[in-house]
Amino acid sequence: MKLEIACIPGDGIGPEIVAQANKVLDQVAKKFGHEIERKEILMGGASIDVHGVPLTDEAIATAKAADAVLMGSIGGDTNTSPWYKLPPEKRPEAGLLKIRKALNLFANLRPAYLYPELAGACPLKEEISRAGFDMLIMRELTGGLYFGERHTTTENGVRKAVDTLTYTEEEIRRIAIKAFDVARKRKGKVTSVDKANVLDSSRLWRSVVEEVAKDYPDVELSHMLVDNCAMQLVKDPAQFDVILTENMFGDILSDEASMVTGSIGMLSSASLNDTKFGLYEPSHGSAPDIAGKDLANPIATVLSAAMMLRYTFDLDKEAEAVEEAVRKVLAEGYRTGDIMSEGCTLVGCSKMGDLLAERI
Ligand SMILES: NC(=O)c1ccc[n+]([C@@H]2O[C@H](COP(=O)([O-])OP(=O)(O)OC[C@H]3O[C@@H](n4cnc5c(N)ncnc54)[C@H](O)[C@@H]3O)[C@@H](O)[C@H]2O)c1
Ligand SMILES: CC(C)[C@H](C(=O)O)[C@@H](O)C(=O)O
Ligand SMILES: [Mg+2]
């Protein structure tokens with residue numbers, strides 16, 4: 001099979017981690033007899049430096065023409081990078097939001113699984129980490145606060161900033177359907193997370209999710225307020241199967257869920273629309289503090305590539321081979337610094353990529 005993949009190395013650790021995912025994919029192609037055709041796209045700071053904007057229309061066209069996009073991460077140190085002196089619409093993150101909207105990538109799947117080998121890197125109580133957990137956050141990705149009207153004004157010498165949170169029932173329905181569909185293939189449980197005790201958008205969210213649930217009598221639905229969910233994620237993460245939530249809540253909860261798996265460097269993601277196309281990227285950022293030092297954990301990106309094999313190309317055996325390689329490397333005791341524990345072997349980003357590719 002020919003896999004046409006657009007690659008966005010991006011900024012910071014992005015190029016380092018994408019290189020490792022590509023090493024692994026090349027090995028998959030060799031072993032299973034596929035051909036990979038890659039096109040590189042500049043996005044974020046890397047695009048600002050060349051084109052003056054975080055994403056060009058040509059770059060979007062290249063992404064659309066591919067079967068899937070593999071992305072590292074974009075952005076710089078928001079305190080010190082000159083990119084953050086630019087107007088908001090010209091900053092690195094604007095490129096990411098633009099591509100999500102342009103490709104209608106409304107469903108963001110972020111699986112958070114605690115590998116038994118990483119129980120020691122989990123910051124939770126031992127009895128919780130020993131029991132393990134396996135959840136998937138279904139984050140709405142093209143609506144809510146991220147895409148609502150916003151402006152900053154000055155009235156009578158007082159500065160005022162406004163962001164708006166809007167959802168239509170259609171936007172809620174389509175992400176809810178994705179969550180129920182995926183729950184059916186997992187443990188059959190959806191926890192819909194909102195702030196229905198305060199927000200109108202959450203009250204609409206809850207009632208539309210209830211409507212969708214009627215078509216899934218085999219899936220158990222419960223609702224949870226977001227502040228409680230933040231607490232439950234560290235108290236009893238094993239209670240969750242699929243967490244369905246809106247854009248901003250999903251952004252925050254997925255970073256929290258990632259840390260309880262041991263490190264944000266473990267959390268993969270797939271951003272999907274209603275076709276087989278997808279954009280695959282780790283949930284973490286460009287980690288400017290460790291960029292260029294061969295210290296980054298590439299596993300989240302490698303696991304995102306596995307999601308690409310499964311969701312876009314329907315190559316389940318190949319995806320399993322990648323996931324199995326991750327399990328083997330962890331079982332053999334190899335660790336990047338973020339997941340290091342006593343008695344394990346510390347390796348850099350590139351070596352971790354080699355070890356994973358060798359185990360395909
Ligand atoms: N999807 C994306 O491209 C994306 C996501 C989040 C943040 N960002 C951007 O990244 C920049 C930095 O953001 P931040 O510092 O808040 O978050 P971050 O996720 O980049 O880093 C947070 C912490 O986690 C560590 N970390 C992250 N990924 C790691 C990995 N693979 N291996 C080991 N350690 C890792 C970092 O070293 C840092 O200490 C900002 O410009 C932000 O906007 C981009
Ligand atoms: C970089 C930023 C715009 C992005 C988001 O908030 O969606 C990131 O934090 C993520 O989780 O993918
Ligand atoms: Mg985030």
# chains A, B, ... in the order shown; residues from 1 in each chain; ligands from 1

call {"tool": "residues_near_ligand", "arguments": {"ligand": "ligand 3", "cutoff": "7 Å", "atoms": "only C-alpha atoms and all ligand atoms", "output": "PyMOL selection string"}}
result
chain A and resi 251-252+255+283-284

call {"tool": "residues_around", "arguments": {"residues": "A:Thr142", "least_positions_apart": "3", "cutoff": "12 Å", "atoms": "only C-alpha atoms", "output": "MDAnalysis selection string"}}
result
chainID A and resid 96:108 139 145:148 165:168 171:172 174:175 246:248 250 271:273

call {"tool": "write_last_selection", "arguments": {"atoms": "N, CA and C atoms", "output": "short mmCIF file (atom, residue, chain, number, x, y, z; two decimals), in the first residue's frame"}}
result
data_model
loop_
_atom_site.label_atom_id
_atom_site.label_comp_id
_atom_site.auth_asym_id
_atom_site.auth_seq_id
_atom_site.Cartn_x
_atom_site.Cartn_y
_atom_site.Cartn_z
N LEU A 96 -1.77 26.15 14.05
CA LEU A 96 -2.37 24.88 14.49
C LEU A 96 -3.90 24.98 14.47
N LEU A 97 -4.41 26.09 14.99
CA LEU A 97 -5.87 26.26 15.01
C LEU A 97 -6.41 26.36 13.59
N LYS A 98 -5.62 27.01 12.71
CA LYS A 98 -6.07 27.16 11.32
C LYS A 98 -6.16 25.81 10.61
N ILE A 99 -5.17 24.96 10.82
CA ILE A 99 -5.21 23.67 10.12
C ILE A 99 -6.33 22.79 10.69
N ARG A 100 -6.56 22.85 12.00
CA ARG A 100 -7.65 22.06 12.59
C ARG A 100 -8.99 22.48 11.97
N LYS A 101 -9.19 23.81 11.84
CA LYS A 101 -10.46 24.31 11.30
C LYS A 101 -10.55 24.00 9.80
N ALA A 102 -9.45 24.27 9.08
CA ALA A 102 -9.48 24.10 7.62
C ALA A 102 -9.77 22.65 7.23
N LEU A 103 -9.30 21.72 8.03
CA LEU A 103 -9.49 20.30 7.70
C LEU A 103 -10.68 19.70 8.47
N ASN A 104 -11.40 20.57 9.19
CA ASN A 104 -12.60 20.15 9.93
C ASN A 104 -12.31 19.03 10.92
N LEU A 105 -11.17 19.12 11.60
CA LEU A 105 -10.74 18.04 12.51
C LEU A 105 -11.42 18.23 13.87
N PHE A 106 -12.69 17.88 13.93
CA PHE A 106 -13.47 18.21 15.13
C PHE A 106 -13.31 17.19 16.26
N ALA A 107 -12.75 16.02 15.96
CA ALA A 107 -12.67 14.98 16.99
C ALA A 107 -11.21 14.69 17.34
N ASN A 108 -10.85 14.98 18.57
CA ASN A 108 -9.48 14.78 19.03
C ASN A 108 -9.46 13.65 20.06
N ARG A 139 -11.94 14.82 22.81
CA ARG A 139 -12.01 16.28 22.97
C ARG A 139 -12.58 16.92 21.70
N LEU A 145 -14.46 27.96 23.13
CA LEU A 145 -13.71 29.20 23.38
C LEU A 145 -12.62 29.46 22.35
N TYR A 146 -12.04 28.37 21.80
CA TYR A 146 -10.94 28.53 20.87
C TYR A 146 -11.35 29.26 19.60
N PHE A 147 -12.61 29.06 19.20
CA PHE A 147 -13.04 29.59 17.90
C PHE A 147 -14.17 30.60 18.03
N GLY A 148 -14.52 31.00 19.25
CA GLY A 148 -15.58 31.99 19.44
C GLY A 148 -15.06 33.38 19.14
N LEU A 165 -17.78 31.50 24.27
CA LEU A 165 -17.86 30.04 24.19
C LEU A 165 -19.18 29.65 23.54
N THR A 166 -19.12 29.21 22.30
CA THR A 166 -20.35 28.88 21.57
C THR A 166 -20.31 27.44 21.11
N TYR A 167 -21.42 26.73 21.25
CA TYR A 167 -21.60 25.42 20.62
C TYR A 167 -22.97 25.32 20.00
N THR A 168 -23.04 24.76 18.81
CA THR A 168 -24.35 24.45 18.23
C THR A 168 -24.65 22.98 18.56
N GLU A 171 -22.64 20.58 16.40
CA GLU A 171 -21.24 20.38 16.82
C GLU A 171 -21.16 19.40 17.98
N ILE A 172 -22.13 19.49 18.88
CA ILE A 172 -22.12 18.59 20.04
C ILE A 172 -22.49 17.17 19.61
N ARG A 174 -22.15 15.59 16.71
CA ARG A 174 -21.17 14.81 15.93
C ARG A 174 -20.01 14.31 16.80
N ILE A 175 -19.60 15.09 17.80
CA ILE A 175 -18.50 14.61 18.66
C ILE A 175 -19.05 13.55 19.63
N GLU A 246 -15.71 19.20 25.91
CA GLU A 246 -15.53 20.29 24.95
C GLU A 246 -14.05 20.69 24.87
N ASN A 247 -13.78 21.61 23.96
CA ASN A 247 -12.41 21.92 23.57
C ASN A 247 -11.48 22.30 24.72
N MET A 248 -11.83 23.35 25.44
CA MET A 248 -10.92 23.84 26.49
C MET A 248 -10.79 22.86 27.66
N GLY A 250 -11.10 19.71 27.49
CA GLY A 250 -10.32 18.57 26.99
C GLY A 250 -8.84 18.88 26.94
N SER A 271 -6.42 13.62 15.43
CA SER A 271 -7.47 14.61 15.18
C SER A 271 -8.16 14.23 13.89
N LEU A 272 -9.46 13.92 13.99
CA LEU A 272 -10.16 13.31 12.86
C LEU A 272 -11.36 14.14 12.42
N ASN A 273 -11.74 13.95 11.15
CA ASN A 273 -13.01 14.50 10.68
C ASN A 273 -13.91 13.32 10.30
#

call {"tool": "select_by_dssp", "arguments": {"residues": "stretch 185-221 of chain A", "states": "helix (DSSP H, G or I)", "output": "JSON, numbers by chain"}}
result
{"A": [200, 201, 202, 203, 204, 205, 206, 207, 208, 209, 210, 211, 212, 213]}

call {"tool": "closest_residue", "arguments": {"among": "A:Met308, A:Ala176, A:Val212, A:Ile339", "to": "A:Tyr115", "atoms": "only C-alpha atoms"}}
result
A:Ile339

call {"tool": "residues_near_ligand", "arguments": {"ligand": "ligand 1", "cutoff": "9 Å", "atoms": "only C-alpha atoms and all ligand atoms", "output": "VMD selection string"}}
result
chain A and resid 10 to 14 17 44 71 to 78 81 84 92 to 93 96 251 255 263 to 267 281 to 291 295 to 301 336 to 339 349

call {"tool": "closest_residue", "arguments": {"among": "A:Pro9, A:Pro15, A:Gly143, A:Pro123", "to": "ligand 2", "atoms": "only C-alpha atoms and all ligand atoms"}}
result
A:Gly143

call {"tool": "residues_around", "arguments": {"residues": "A:Glu58", "least_positions_apart": "3", "cutoff": "12 Å", "atoms": "only C-alpha atoms", "output": "ChimeraX atom specification"}}
result
/A:40-43,47,51,53-55,61-65,99

call {"tool": "residues_around", "arguments": {"residues": "A:Asn228", "least_positions_apart": "6", "cutoff": "12 Å", "atoms": "only C-alpha atoms", "output": "PyMOL selection string"}}
result
chain A and resi 191-195+197+234-236+249+253

call {"tool": "closest_residue", "arguments": {"among": "A:Asp181, A:Glu323, A:Glu318, A:Glu89", "to": "A:Gly52", "atoms": "only C-alpha atoms"}}
result
A:Glu89

call {"tool": "closest_residue", "arguments": {"among": "A:Ala238, A:Leu25, A:Leu244, A:Ile36", "to": "A:Val209", "atoms": "only C-alpha atoms"}}
result
A:Leu244

call {"tool": "closest_residue", "arguments": {"among": "A:Val322, A:Val69, A:Ala196, A:Ala270", "to": "ligand 2", "atoms": "only C-alpha atoms and all ligand atoms"}}
result
A:Ala270

call {"tool": "closest_residue", "arguments": {"among": "A:Phe180, A:Tyr280, A:Phe313, A:Phe240", "to": "A:Ala21", "atoms": "only C-alpha atoms"}}
result
A:Tyr280

call {"tool": "residues_around", "arguments": {"residues": "A:Arg327", "least_positions_apart": "5", "cutoff": "12 Å", "atoms": "only C-alpha atoms", "output": "PyMOL selection string"}}
result
chain A and resi 113-118+266+299+303+320-322+332-335+355-356+359-360

call {"tool": "select_by_dssp", "arguments": {"residues": "stretch 249-338 of chain A", "states": "strand (DSSP E or B)", "output": "count of residues only"}}
result
8

call {"tool": "atom_distance", "arguments": {"atom1": "atom CA of A:Leu109", "atom2": "atom CA of A:Met307"}}
result
9.5 Å
